[in-house]
Amino acid sequence: MKKVCEGITGCYRRLLLILALLVLQVGCTLALPYLTAGMIDIGVGQGGIPSALATHISAEGMEKLLLLMNQEEQEKVCAGYRNEGQVYTKNEMNREEEEALADLMTPPMVAVYALSTDGADYKEVLGEDLYVPRELDAFGILKLLPEDARLELTKAARERIAAIPLTLVHQAAVNFIREDLEIQGVHVQELQDSYLLKKVIFMVLSVVGIILSAVLSARFLARLSADYAFELRRRMVRQVFNLDEEQAASFSVNDLIGRTMEDTEKIQHFLRLFLQEILCLLLLGVGGTVLAWRMSRQLGTVVLTAFGVALFLLAFFTTIGHRSAGKIQNSKRHLLRMIRENLRGMMVIRVFGQEKREQEQFHRAAGSWSRMSARAGRTCFFLTPGLLLVMNVGFLWLAKNSASGINQGWLQSGEYVACIQYMILVIGACLSVADQISALPEGVAAYRRVAQLLALSEEKETCCKGEATEDKRAPILCFEHATCQYPGSSEAVLQDISFSVRAGETVAVVGGLGTGKTALLLMALGKMKIREGRVLINGKEAASYDRKWLAGAISYIPQNPKLFSGSIAQNLRFRKKDASDAELMEAVRTAQAEVFVSQMEKGLEAAVSPGGTNFSGGQRQRLAAARSMVGDARIYLFDDCYSALDAKTALQLKAALAKKTKDAAVLMTASRLELIQDADQILVLDHGRIAGVGRHEELLQSCDVYRELAASQGCDIHTAGEVTQDVY
Amino acid sequence: MCIRFRDYLKKYGLRFAAALTCGILSCVLLAFGPQLLGDITTYIFSGILAKLNGTGAMDLEAIAGILRLLAGIYFTAFVFLAICGWILEGVSADFTCRLREDSLKKLHTLPLSYFETQSVGELQNCVASDSEIVGRSAGHGIFQFVTGISSIAGIVIMMVRISALLAVTVGILLAFSAVLMYLVSRKFQIYANRRQEANAAANGYAEEIYSGRSLLQIFGREETVAEMYSVYNERQREAAWQADFAAGLMSVVMQAGSMAGYVVAVLVGGIYALHGNLSVGDIQAFVHYIRNTERPVKQVAQAFREVRCACAAWGRLKELLEAESEPEAETKTKGKTEAAAGEVRFEHVTFSYGDKEPVLADFSAVIAPGTYTAITGCTGAGKTTIVKLLMRFYDVQSGAIYIDGKDIREYDRRTLRAKFGMVLQEVWLFRGSILENIRYGKPEASEEEVRLAATRAGADDFIRFLPEGYETVVGEDGYQLSDGQKQLLTIARAILGKPEILILDEATSSVDTRTEQKIHEALTTLMQGRTCFVIAHRPGTIREAQQVIHIGKNGG
């Protein structure tokens, strides 16, 4: 697991940058409803006057206010304001003092406003039994009265105002302030307009902020995730080539390709999804909840609950989706296999007239896929409508709470509108994650597969360099009671194999099909799991050598002459990177490939398609032989390298190879006995054991298996030449 | 033959109609949501204003009424949506399943020449994936499209109802962002294609080096290969980030459009509200509608993408489904011609693949029943062609082939092919036990018969040594048999069928000479009384043939 993370922790600076951009983006997004709330409550509702505590009050207004206060209250107010001629100005004070002062001043403000409104019924405010002379307004009367009488007179009014929630009184007090401002000669309309304009500018800035940060973060994120996938793929390819046979046996080639390509792409997608959508969702959720909470506890709870439920739904459906996705994947793999079988065996199926049966089997498999997929699809389909439902129920809850809240005065309308926006934002983010929900379990599964491969321990460090042995007679390659098995299998292929090859010696291995000839060569290459005994090269165990050194010391012609895309020259320079063209041509001549290589327009630079499919089997085999003839080696391993050649070419190749390898140890297998008759030693394999050792003539005498083999080919040798000549 | 998408859809017509009705209904219902929420806001706003001014109180009763109505709407919409999804997911799966089965059936009727022009991978993709893409877009894609469009329609209508001028203003903004998005999406398409190409190239290279991993390790090429891969890797990275960035930009443009719409709505709506032309609730509803456009627009864009993919996939499927099948037997002559069973006669047969040189030109031969005929010739000369002609995988261009005295074109293909037993050059085993594989042509064969056939094919020896004997699972991901062993199994399969005419097409090419000899002994007994064709290039195989047909460059 650690290994997969390496790439991402390495670029934490870029991660932080992306994170910062995301925070900015989310912040700006959340600011929009906040600004809207301000516009509605203060801009529209309070005419652009933010606070119930006016900074300036006209002398006239202040006088009226003081008339509705007792001695103590009047003193407090006078302490808060200083007289500057026509205007009273608020002194500097802290928040708590301001709030206390506002609580004190707003009820009289409401009362003054009610009294001075044209057509207001004094009697309703001041009481029924008051006589007001025509030439005086209410304040004129109050001014004439002593404090006790004043308070007595306005008691009823004050009590009624006191019954209204203070927050509402604050809002209502704004009316007094507006009127008072007009007395001071301020254009109230301008005040409101400038407030609104300020908010609008902030809004536009927020939108610009959102767009900028979104564009930038999209760019950085795209780069980051691409870099990460690049790094993963690079490491995967290296890891694949670090695998030993035992480890590799548990993966098919397609599996490895899938892990390197599709899985890294899924992780890349997941990373983008996570860093963008999911982080965004979390930030929005937390930020939205906090802001809603600040406006009102109750609405905050609603947003928080909806957010929690939505998260739960997402997590729940991700788990379910993950579970069923695995099953569906298996079912689909099954289907794919059946289709492949049908396509490959089209002729056989028809010859045996089994079309119906295949169709029925397919019908069953396809039906089971269909049922599974429908079930999974139906389950997951509920996610989106479910989230919508959560959002809508959230709306209802918000509306219900807000109606009573606003009625009771602990909430303002704009705040309610903003909370609705937060709900839309938070659940909207969930919805957009829900659209890509399948990428989550896929990303996790892909991550596991990649991590599993990367976690395989790299092959043990082997750095033993082989020294040339002094003793010319000492065997270069030596098998001591070796028993081996194919990697990933538990059955012994070869048992108790003992023999040795000295420099200048040729040992041939023969035997029927599947007797383990190739396995014997692979054992020398360290590609087999050796269960018992040892395989020694220059007296040291083959497995203990550094792989590079071994690659230089051993030259191998595989049975399946696989070439790689590129040019012929690139394919030939496998063993020796800096081989000159002359060296390459020499090898080509040795391999009897000059005939067709020289005929090619581009010669050595002629293109080779993947697998070498643009060459015939015989040509491929000769090129593979040439590849192994570039540079020198101490040990040559030839695995049936004449199988695709006609008899004449095979004999020529054999002679050329013998010349080139005369000082080295040669171990070869062949199916045609005529090609190995003159080997220094022939090993006969049967059922994974050595059935006979010796020279051709000896074996003909002593070994039944060898005799049978020879007999089955005896006549072939005689006629082979003719037929092939006939063909070519 | 013409296969029409409509005909397929018809089969699900009722379910579609039901699902789409539900989908549209839910969208229509949901379209009322923001308006009603806005109404609540208006009630609250005017209520509190009245209260502050002392001219009235909040109409809590009316608000509660709207809340109840909304709850009903939301719940009903949810139910409708769920029903719609339920039905469509089912349709998707069924439709996919149906397409798959139909295309597999079709594969069984196509002439072999069809498979020469198509790769296995492509056809497999066609049957497995293309059908899924089409099926999915038929369910999911149509759902997205219809609900998206009806949501947008609903939103537009509601917006216009609130304020036409505001709707037009916002509409222009959204249209502007749509144009911008279209431009970005075209860029995105280019990058996405480039990414696909880069991935395909890298995949190809990875496949090559991974399948040669062991060999490359032996040659010590790990470093070089990793270096060479980095060129592909670099191209992948470049294409990937550009495509991702373009995709990111698209969503930013969409978001920006809706954000700008929001600001404009708040601003213009605010001015309206100050003049008393619009209520606060209406503005809120309007803003809500703007927010709500984002999703359906995304949905429709997604649906378009899906439909475009589906169209391409449907094109490929249609090509497969409409391909010319092997013609059935034309006329069945009633008069039975007299000829011993197993006689094969070629009369002036000419055949060529497409417009190429004829493989066979005016070829005539009579093969007596019960004889052993070898067919030789160099690679590519057309040895296998004779066999394919015999079994009517191809039809002769002129001349005729008679089996048992009857023109093979008059046989029903099944009857004709039932006469043959065949071992092909390319071995075919399906995933299943060895037992199942051997009795493929004769499912009713007893285990004893299978063992006997295996013994005669020389396969029993190795089968008994397998971990689970005859129950060993072979084929893909199964027990790995060598090529020779697989060939032995197919020989056993052919032997079990006891056919009139036996054809061995390079049947022993992967078997070593010693085993081959054993098989030959077995076959000699099997071939007695049967007409037998053996295609081979090994001289040993044709030594005992009673006649040899040699196919040269120009046939004959």
# chains A, B, ... in the order shown; residues from 1 in each chain; ligands from 1
>>> residues_around(residues="Pro487 in chain A", least_positions_apart="5", cutoff="6 Å", atoms="only C-alpha atoms", output="NGL selection string")
:A and (245-246 or 249 or 529)
>>> write_last_selection(atoms="C-alpha atoms", output="PDB file, in the first residue's frame")
ATOM      1  CA  GLU A 245       8.701 -16.849 -12.726  1.00  0.00           C
ATOM      2  CA  GLU A 246       6.988 -18.038  -9.586  1.00  0.00           C
ATOM      3  CA  ALA A 249       2.827 -17.483 -12.882  1.00  0.00           C
ATOM      4  CA  LYS A 529      11.434 -23.810  -9.753  1.00  0.00           C
TER       5      LYS A 529
END
>>> residues_around(residues="range 662-674 of chain A", least_positions_apart="4", cutoff="10 Å", atoms="only C-alpha atoms", output="PyMOL selection string")
(chain A and resi 475-477+500-513+517-518+520-521+524+554-557+559+632-643+647+651+657-658+678-683+696+706+709-710+713-714+716-717) or (chain B and resi 512-513)
>>> residues_around(residues="range 177-191 of chain A", least_positions_apart="5", cutoff="9 Å", atoms="only C-alpha atoms", output="number ranges by chain")
A: 46-49, 52-54, 56-58, 60-61, 86-87, 109, 113, 196
>>> residues_around(residues="range 105-111 of chain B", least_positions_apart="6", cutoff="8 Å", atoms="only C-alpha atoms", output="VMD selection string")
(chain A and resid 343 346 350 355 359) or (chain B and resid 320 to 321 323 to 326 393 to 394)
>>> closest_residue(among="A:Pro561, A:Gly617, A:Gly367, A:Gly533", to="chain B", atoms="only C-alpha atoms")
A:Gly367
>>> select_by_dssp(residues="range 12-155 of chain A", states="strand (DSSP E)", output="compact mmCIF listing (two decimals) with all heavy atoms, in the first residue's frame")
# COMPACT_ATOMS: atom_id res chain seq x y z
N HIS A 56 -25.40 58.15 13.85
CA HIS A 56 -25.77 59.54 14.08
C HIS A 56 -27.27 59.64 14.30
O HIS A 56 -28.04 59.01 13.62
CB HIS A 56 -25.41 60.40 12.86
CG HIS A 56 -23.95 60.29 12.49
ND1 HIS A 56 -22.95 60.90 13.20
CD2 HIS A 56 -23.36 59.63 11.48
CE1 HIS A 56 -21.79 60.63 12.65
NE2 HIS A 56 -22.01 59.84 11.58
N ILE A 57 -27.62 60.41 15.31
CA ILE A 57 -29.04 60.67 15.53
C ILE A 57 -29.20 62.19 15.62
O ILE A 57 -28.40 62.88 16.27
CB ILE A 57 -29.53 60.01 16.84
CG1 ILE A 57 -29.40 58.49 16.74
CG2 ILE A 57 -30.99 60.41 17.13
CD1 ILE A 57 -29.80 57.75 17.99
N SER A 58 -30.24 62.69 14.95
CA SER A 58 -30.45 64.14 14.99
C SER A 58 -30.86 64.57 16.40
O SER A 58 -31.38 63.77 17.17
CB SER A 58 -31.55 64.54 14.00
OG SER A 58 -32.77 63.97 14.42
N TYR A 81 -23.72 58.51 23.54
CA TYR A 81 -23.65 59.47 22.43
C TYR A 81 -23.08 60.79 22.89
O TYR A 81 -23.25 61.18 24.04
CB TYR A 81 -25.06 59.70 21.87
CG TYR A 81 -25.54 58.58 20.99
CD1 TYR A 81 -26.15 57.47 21.52
CD2 TYR A 81 -25.37 58.67 19.60
CE1 TYR A 81 -26.58 56.44 20.73
CE2 TYR A 81 -25.80 57.63 18.78
CZ TYR A 81 -26.41 56.51 19.35
OH TYR A 81 -26.83 55.51 18.54
N ARG A 82 -22.38 61.44 22.02
CA ARG A 82 -21.92 62.80 22.36
C ARG A 82 -22.61 63.81 21.45
O ARG A 82 -22.89 63.51 20.26
CB ARG A 82 -20.40 62.88 22.26
CG ARG A 82 -19.85 62.59 20.86
CD ARG A 82 -18.33 62.69 20.86
NE ARG A 82 -17.84 62.46 19.51
CZ ARG A 82 -17.64 61.27 19.01
NH1 ARG A 82 -17.88 60.17 19.73
NH2 ARG A 82 -17.19 61.15 17.79
N ASN A 83 -22.90 64.93 22.03
CA ASN A 83 -23.64 65.95 21.29
C ASN A 83 -22.69 66.77 20.42
O ASN A 83 -21.71 67.31 20.89
CB ASN A 83 -24.36 66.87 22.30
CG ASN A 83 -25.35 67.78 21.57
OD1 ASN A 83 -25.38 67.83 20.33
ND2 ASN A 83 -26.15 68.49 22.32
N GLU A 84 -22.99 66.84 19.13
CA GLU A 84 -22.17 67.66 18.23
C GLU A 84 -23.09 68.65 17.55
O GLU A 84 -23.31 68.62 16.35
CB GLU A 84 -21.47 66.79 17.19
CG GLU A 84 -20.39 65.88 17.80
CD GLU A 84 -19.79 64.93 16.80
OE1 GLU A 84 -20.36 64.77 15.70
OE2 GLU A 84 -18.75 64.32 17.12
N VAL A 87 -26.32 67.20 15.76
CA VAL A 87 -26.27 65.75 15.65
C VAL A 87 -25.63 65.10 16.87
O VAL A 87 -24.70 65.66 17.44
CB VAL A 87 -25.45 65.34 14.40
CG1 VAL A 87 -25.42 63.84 14.25
CG2 VAL A 87 -26.00 66.00 13.15
N TYR A 88 -26.21 64.00 17.30
CA TYR A 88 -25.56 63.18 18.33
C TYR A 88 -24.77 62.08 17.63
O TYR A 88 -25.29 61.42 16.72
CB TYR A 88 -26.60 62.52 19.24
CG TYR A 88 -27.17 63.47 20.25
CD1 TYR A 88 -28.22 64.32 19.93
CD2 TYR A 88 -26.64 63.49 21.55
CE1 TYR A 88 -28.74 65.18 20.85
CE2 TYR A 88 -27.17 64.36 22.50
CZ TYR A 88 -28.22 65.21 22.15
OH TYR A 88 -28.73 66.04 23.07
N THR A 89 -23.50 61.90 18.04
CA THR A 89 -22.70 60.85 17.40
C THR A 89 -22.35 59.77 18.42
O THR A 89 -22.06 60.07 19.57
CB THR A 89 -21.40 61.43 16.82
OG1 THR A 89 -21.74 62.49 15.94
CG2 THR A 89 -20.61 60.38 16.06
N LYS A 90 -22.40 58.51 17.93
CA LYS A 90 -22.15 57.38 18.84
C LYS A 90 -20.68 57.33 19.21
O LYS A 90 -19.80 57.52 18.37
CB LYS A 90 -22.56 56.08 18.14
CG LYS A 90 -22.48 54.86 19.04
CD LYS A 90 -23.21 53.70 18.39
CE LYS A 90 -22.51 53.28 17.13
NZ LYS A 90 -21.54 52.24 17.23
>>> residues_around(residues="Phe32 in chain B", least_positions_apart="2", cutoff="12 Å", atoms="only C-alpha atoms", output="ChimeraX atom specification")
/A:392 /B:25-30,34-39,66,69-74,77,151,154-159,161-162,285-286,288-289,292
>>> closest_residue(among="A:Gly285, A:Gly353, A:Gly566, A:Pro441", to="chain B", atoms="only C-alpha atoms")
A:Gly353
>>> closest_residue(among="A:Leu645, A:Ala214, A:Ala157, A:Ala482", to="chain B", atoms="only C-alpha atoms")
A:Ala214
>>> residues_around(residues="Arg493 in chain B", least_positions_apart="5", cutoff="10 Å", atoms="only C-alpha atoms", output="number ranges by chain")
A: 352; B: 421-423, 435-442, 450, 453-454, 457, 487-488, 498
>>> write_last_selection(atoms="N, CA, C and O atoms", output="PDB file, in the first residue's frame")
ATOM      1  N   PHE A 352     -19.817 -30.470 -35.731  1.00  0.00           N
ATOM      2  CA  PHE A 352     -20.500 -31.359 -34.797  1.00  0.00           C
ATOM      3  C   PHE A 352     -21.962 -31.001 -34.617  1.00  0.00           C
ATOM      4  O   PHE A 352     -22.657 -31.622 -33.830  1.00  0.00           O
TER       5      PHE A 352
ATOM      6  N   GLY B 421     -16.406 -36.401 -39.745  1.00  0.00           N
ATOM      7  CA  GLY B 421     -15.701 -36.247 -38.485  1.00  0.00           C
ATOM      8  C   GLY B 421     -14.460 -35.473 -38.846  1.00  0.00           C
ATOM      9  O   GLY B 421     -13.923 -35.640 -39.937  1.00  0.00           O
ATOM     10  N   MET B 422     -14.039 -34.602 -37.960  1.00  0.00           N
ATOM     11  CA  MET B 422     -12.974 -33.729 -38.402  1.00  0.00           C
ATOM     12  C   MET B 422     -12.017 -33.370 -37.275  1.00  0.00           C
ATOM     13  O   MET B 422     -12.428 -33.087 -36.159  1.00  0.00           O
ATOM     14  N   VAL B 423     -10.757 -33.389 -37.618  1.00  0.00           N
ATOM     15  CA  VAL B 423      -9.761 -32.889 -36.678  1.00  0.00           C
ATOM     16  C   VAL B 423      -9.060 -31.743 -37.371  1.00  0.00           C
ATOM     17  O   VAL B 423      -8.507 -31.912 -38.457  1.00  0.00           O
ATOM     18  N   LEU B 435     -13.727 -34.884 -20.246  1.00  0.00           N
ATOM     19  CA  LEU B 435     -14.852 -35.746 -20.616  1.00  0.00           C
ATOM     20  C   LEU B 435     -15.831 -34.993 -21.516  1.00  0.00           C
ATOM     21  O   LEU B 435     -16.187 -35.442 -22.610  1.00  0.00           O
ATOM     22  N   GLU B 436     -16.228 -33.823 -21.060  1.00  0.00           N
ATOM     23  CA  GLU B 436     -17.187 -33.020 -21.837  1.00  0.00           C
ATOM     24  C   GLU B 436     -16.616 -32.654 -23.194  1.00  0.00           C
ATOM     25  O   GLU B 436     -17.314 -32.643 -24.198  1.00  0.00           O
ATOM     26  N   ASN B 437     -15.342 -32.339 -23.196  1.00  0.00           N
ATOM     27  CA  ASN B 437     -14.723 -31.937 -24.451  1.00  0.00           C
ATOM     28  C   ASN B 437     -14.692 -33.078 -25.458  1.00  0.00           C
ATOM     29  O   ASN B 437     -14.918 -32.858 -26.640  1.00  0.00           O
ATOM     30  N   ILE B 438     -14.406 -34.265 -24.983  1.00  0.00           N
ATOM     31  CA  ILE B 438     -14.329 -35.391 -25.935  1.00  0.00           C
ATOM     32  C   ILE B 438     -15.719 -35.739 -26.460  1.00  0.00           C
ATOM     33  O   ILE B 438     -15.905 -36.004 -27.643  1.00  0.00           O
ATOM     34  N   ARG B 439     -16.701 -35.702 -25.578  1.00  0.00           N
ATOM     35  CA  ARG B 439     -18.014 -36.104 -26.088  1.00  0.00           C
ATOM     36  C   ARG B 439     -18.821 -34.926 -26.635  1.00  0.00           C
ATOM     37  O   ARG B 439     -20.043 -34.954 -26.674  1.00  0.00           O
ATOM     38  N   TYR B 440     -18.099 -33.950 -27.085  1.00  0.00           N
ATOM     39  CA  TYR B 440     -18.769 -32.759 -27.600  1.00  0.00           C
ATOM     40  C   TYR B 440     -19.715 -33.081 -28.747  1.00  0.00           C
ATOM     41  O   TYR B 440     -20.847 -32.616 -28.798  1.00  0.00           O
ATOM     42  N   GLY B 441     -19.258 -33.912 -29.674  1.00  0.00           N
ATOM     43  CA  GLY B 441     -20.085 -34.201 -30.845  1.00  0.00           C
ATOM     44  C   GLY B 441     -21.183 -35.204 -30.542  1.00  0.00           C
ATOM     45  O   GLY B 441     -22.101 -35.400 -31.345  1.00  0.00           O
ATOM     46  N   LYS B 442     -21.082 -35.857 -29.421  1.00  0.00           N
ATOM     47  CA  LYS B 442     -22.034 -36.930 -29.123  1.00  0.00           C
ATOM     48  C   LYS B 442     -22.331 -36.877 -27.632  1.00  0.00           C
ATOM     49  O   LYS B 442     -21.790 -37.665 -26.844  1.00  0.00           O
ATOM     50  N   VAL B 450     -16.151 -42.833 -24.140  1.00  0.00           N
ATOM     51  CA  VAL B 450     -15.183 -41.739 -24.154  1.00  0.00           C
ATOM     52  C   VAL B 450     -13.786 -42.282 -23.878  1.00  0.00           C
ATOM     53  O   VAL B 450     -12.825 -41.978 -24.579  1.00  0.00           O
ATOM     54  N   ALA B 453     -12.458 -44.110 -26.852  1.00  0.00           N
ATOM     55  CA  ALA B 453     -12.019 -43.199 -27.910  1.00  0.00           C
ATOM     56  C   ALA B 453     -10.684 -42.564 -27.535  1.00  0.00           C
ATOM     57  O   ALA B 453      -9.786 -42.455 -28.364  1.00  0.00           O
ATOM     58  N   ALA B 454     -10.565 -42.177 -26.267  1.00  0.00           N
ATOM     59  CA  ALA B 454      -9.329 -41.547 -25.812  1.00  0.00           C
ATOM     60  C   ALA B 454      -8.170 -42.530 -25.914  1.00  0.00           C
ATOM     61  O   ALA B 454      -7.062 -42.176 -26.325  1.00  0.00           O
ATOM     62  N   ALA B 457      -7.086 -42.832 -29.397  1.00  0.00           N
ATOM     63  CA  ALA B 457      -6.386 -41.647 -29.881  1.00  0.00           C
ATOM     64  C   ALA B 457      -5.040 -41.487 -29.181  1.00  0.00           C
ATOM     65  O   ALA B 457      -4.289 -40.568 -29.472  1.00  0.00           O
ATOM     66  N   GLN B 487      -4.238 -31.814 -29.297  1.00  0.00           N
ATOM     67  CA  GLN B 487      -4.560 -32.443 -30.570  1.00  0.00           C
ATOM     68  C   GLN B 487      -5.083 -33.866 -30.357  1.00  0.00           C
ATOM     69  O   GLN B 487      -6.033 -34.287 -31.007  1.00  0.00           O
ATOM     70  N   LEU B 488      -4.474 -34.552 -29.421  1.00  0.00           N
ATOM     71  CA  LEU B 488      -4.936 -35.911 -29.146  1.00  0.00           C
ATOM     72  C   LEU B 488      -6.397 -35.901 -28.687  1.00  0.00           C
ATOM     73  O   LEU B 488      -7.187 -36.760 -29.062  1.00  0.00           O
ATOM     74  N   LYS B 498     -17.752 -41.474 -34.772  1.00  0.00           N
ATOM     75  CA  LYS B 498     -17.924 -42.529 -35.790  1.00  0.00           C
ATOM     76  C   LYS B 498     -18.531 -41.988 -37.075  1.00  0.00           C
ATOM     77  O   LYS B 498     -19.619 -42.390 -37.485  1.00  0.00           O
TER      78      LYS B 498
END
>>> closest_residue(among="B:Thr371, B:Ser251, B:Asn53, B:Thr490", to="Gly345 in chain A", atoms="only C-alpha atoms")
B:Thr490
>>> atom_distance(atom1="CA of Ala591 in chain A", atom2="CA of Gln677 in chain A")
20.2 Å
>>> select_by_dssp(residues="range 202-410 of chain B", states="alpha helix (DSSP H)", output="ChimeraX atom specification")
/B:202-211,213-218,222-274,280-322,383-390
>>> write_last_selection(atoms="C-alpha atoms", output="short mmCIF file (atom, residue, chain, number, x, y, z; two decimals), in the first residue's frame")
data_model
loop_
_atom_site.label_atom_id
_atom_site.label_comp_id
_atom_site.auth_asym_id
_atom_site.auth_seq_id
_atom_site.Cartn_x
_atom_site.Cartn_y
_atom_site.Cartn_z
CA ALA B 202 0.59 1.76 -25.13
CA ASN B 203 -1.65 -1.25 -24.68
CA GLY B 204 -0.31 -2.81 -27.83
CA TYR B 205 3.24 -2.27 -26.72
CA ALA B 206 2.52 -3.55 -23.22
CA GLU B 207 0.93 -6.66 -24.63
CA GLU B 208 3.98 -7.31 -26.74
CA ILE B 209 6.55 -6.85 -24.03
CA TYR B 210 4.49 -8.54 -21.33
CA SER B 211 3.91 -11.63 -23.38
CA ARG B 213 8.52 -10.96 -20.51
CA SER B 214 10.32 -14.18 -19.79
CA LEU B 215 12.34 -13.99 -22.98
CA LEU B 216 13.21 -10.35 -22.45
CA GLN B 217 14.40 -11.16 -18.95
CA ILE B 218 16.57 -13.93 -20.32
CA GLU B 222 14.43 -5.05 -18.66
CA GLU B 223 15.95 -1.58 -18.61
CA THR B 224 15.75 -1.01 -22.34
CA VAL B 225 12.15 -2.09 -22.51
CA ALA B 226 11.20 0.14 -19.61
CA GLU B 227 12.92 3.04 -21.35
CA MET B 228 11.15 2.33 -24.59
CA TYR B 229 7.83 2.13 -22.80
CA SER B 230 8.37 5.56 -21.30
CA VAL B 231 7.85 7.08 -24.75
CA TYR B 232 4.36 5.62 -24.84
CA ASN B 233 3.84 6.51 -21.22
CA GLU B 234 4.76 10.12 -21.86
CA ARG B 235 2.28 10.29 -24.71
CA GLN B 236 -0.40 8.82 -22.47
CA ARG B 237 0.30 11.38 -19.78
CA GLU B 238 0.19 14.28 -22.19
CA ALA B 239 -3.06 13.21 -23.81
CA ALA B 240 -4.63 12.31 -20.48
CA TRP B 241 -4.10 15.61 -18.75
CA GLN B 242 -5.27 17.61 -21.73
CA ALA B 243 -8.42 15.55 -22.02
CA ASP B 244 -9.05 15.76 -18.28
CA PHE B 245 -8.47 19.49 -18.26
CA ALA B 246 -10.88 19.98 -21.16
CA ALA B 247 -13.45 17.88 -19.32
CA GLY B 248 -12.87 19.98 -16.21
CA LEU B 249 -13.28 23.19 -18.20
CA MET B 250 -16.59 21.97 -19.52
CA SER B 251 -18.00 21.61 -16.05
CA VAL B 252 -16.52 24.99 -15.05
CA VAL B 253 -18.23 26.65 -17.99
CA MET B 254 -21.49 25.05 -17.02
CA GLN B 255 -21.07 26.11 -13.41
CA ALA B 256 -20.08 29.62 -14.42
CA GLY B 257 -23.17 29.94 -16.56
CA SER B 258 -25.41 29.00 -13.72
CA MET B 259 -23.52 31.22 -11.26
CA ALA B 260 -23.75 34.22 -13.56
CA GLY B 261 -27.43 33.48 -14.00
CA TYR B 262 -27.79 33.44 -10.25
CA VAL B 263 -26.18 36.82 -9.80
CA VAL B 264 -28.19 38.36 -12.60
CA ALA B 265 -31.39 36.94 -11.20
CA VAL B 266 -30.67 38.22 -7.72
CA LEU B 267 -29.70 41.63 -9.06
CA VAL B 268 -32.50 42.14 -11.56
CA GLY B 269 -34.98 40.39 -9.33
CA GLY B 270 -33.91 42.62 -6.45
CA ILE B 271 -34.56 45.75 -8.48
CA TYR B 272 -37.94 44.37 -9.50
CA ALA B 273 -38.76 43.52 -5.94
CA LEU B 274 -37.96 47.05 -4.78
CA VAL B 280 -39.18 37.88 -2.69
CA GLY B 281 -40.55 34.35 -3.02
CA ASP B 282 -40.59 34.67 -6.78
CA ILE B 283 -36.95 35.71 -6.83
CA GLN B 284 -36.08 32.82 -4.61
CA ALA B 285 -37.99 30.43 -6.85
CA PHE B 286 -36.30 31.89 -9.89
CA VAL B 287 -32.83 31.44 -8.41
CA HIS B 288 -33.78 27.93 -7.44
CA TYR B 289 -34.84 27.19 -11.01
CA ILE B 290 -31.54 28.47 -12.31
CA ARG B 291 -29.70 26.15 -9.96
CA ASN B 292 -31.92 23.34 -11.14
CA THR B 293 -31.00 23.78 -14.79
CA GLU B 294 -27.47 22.52 -14.24
CA ARG B 295 -28.41 18.90 -13.67
CA PRO B 296 -30.79 18.30 -16.56
CA VAL B 297 -28.41 20.06 -18.95
CA LYS B 298 -25.67 17.73 -17.80
CA GLN B 299 -28.06 14.82 -18.17
CA VAL B 300 -28.99 15.69 -21.71
CA ALA B 301 -25.35 16.21 -22.68
CA GLN B 302 -24.54 12.85 -21.14
CA ALA B 303 -27.46 11.25 -22.92
CA PHE B 304 -26.27 12.68 -26.22
CA ARG B 305 -22.83 11.22 -25.65
CA GLU B 306 -24.37 7.90 -24.74
CA VAL B 307 -26.63 7.91 -27.76
CA ARG B 308 -23.73 8.75 -30.03
CA CYS B 309 -21.77 5.82 -28.64
CA ALA B 310 -24.84 3.66 -28.93
CA CYS B 311 -25.35 4.68 -32.54
CA ALA B 312 -21.84 3.59 -33.41
CA ALA B 313 -22.33 0.36 -31.47
CA TRP B 314 -25.70 -0.23 -33.09
CA GLY B 315 -24.07 0.33 -36.49
CA ARG B 316 -21.60 -2.43 -35.78
CA LEU B 317 -24.30 -4.73 -34.42
CA LYS B 318 -26.53 -4.03 -37.38
CA GLU B 319 -23.70 -4.88 -39.72
CA LEU B 320 -23.35 -8.20 -37.97
CA LEU B 321 -27.05 -8.92 -37.73
CA GLU B 322 -27.68 -7.99 -41.34
CA LYS B 383 -5.39 -27.85 -48.88
CA THR B 384 -7.84 -26.85 -46.24
CA THR B 385 -10.02 -25.24 -48.88
CA ILE B 386 -11.03 -28.62 -50.27
CA VAL B 387 -12.23 -29.62 -46.86
CA LYS B 388 -14.14 -26.40 -46.40
CA LEU B 389 -15.77 -26.91 -49.79
CA LEU B 390 -16.73 -30.45 -48.89
#
